[in-house]
Amino acid sequence: MDSFSHAAWGATIIRKSPFVWWAALFGALPDLITALYGLFRHRKSYLKYLNKLAFAEGANDDYLKVYHFFHSFVPISLFTFVLSFVNSSYLIITIPYYLHILMDIFTHQGVWATKIFYPLSNFHFEGYNWWKHKWASIGNWAALIIINVIIFVF
């Protein structure tokens, strides 16, 4: 799914007032980290690079390694483990990151397929490309709106 909906899902599932903005950030964090790396590495040609990469199914460069690493359960699990010793009251903010990965497992394929345990394994599912099918995004945003209306009204 898109980064904005990942942030919205994070804020939707973690409604505790002091954590809601952190939840939104952590919901989008795998995409944000990857985008920041891409902007740093490719600067002005970043969007052109992404377009080229989207059609290069066999591509395997540093950008994809960063993408796969931060879309894996490995770094967030290590972070969660460390955070549990530092301040366990903040563990709730890691849930949207896990949700991001779970959603991407089923909504990405090809070069963007989510390698669940990368770099320990390249195992992945061939999901359904949400960006190629407008109804996937429409359904996602409709679910977000309906859930939030129900929560706020009832």
# chains A, B, ... in the order shown; residues from 1 in each chain; ligands from 1
$ select_by_dssp --residues "range 89-149 of chain A" --states "alpha helix (DSSP H)" --output "list in words"
Ile95, Pro96, Tyr97, Tyr98, Leu99, His100, Ile101, Leu102, Met103, Asp104, Ile105, Phe106, Thr107, Lys134, Trp135, Ala136, Ser137, Ile138, Gly139, Asn140, Trp141, Ala142, Ala143, Leu144, Ile145, Ile146, Ile147, Asn148 and Val149 of chain A
$ residues_around --residues "range 5-20 of chain A" --least-positions-apart "2" --cutoff "10 Å" --atoms "only C-alpha atoms" --output "number ranges by chain"
A: 1-3, 22-31, 90, 92-101, 103-104, 137, 140-141, 143-145, 147-148, 151
$ closest_residue --among "A:Phe152, A:Phe106, A:Trp112, A:Tyr37" --to "Asp62 in chain A" --atoms "only C-alpha atoms"
A:Tyr37
$ atom_distance --atom1 "CA of Tyr49 in chain A" --atom2 "CA of His108 in chain A"
18.5 Å
$ residues_around --residues "Val66 in chain A" --least-positions-apart "3" --cutoff "12 Å" --atoms "only C-alpha atoms" --output "list in words"
Pro30, Asp31, Leu32, Ile33, Thr34, Ala35, Leu36, Tyr37, Gly38, Arg41, Asn60, Asp61, Asp62, Tyr63, Phe69, Phe70, His71, Ser72, Pro75, Trp112, Thr114, Lys115, Tyr118 and Pro119 of chain A
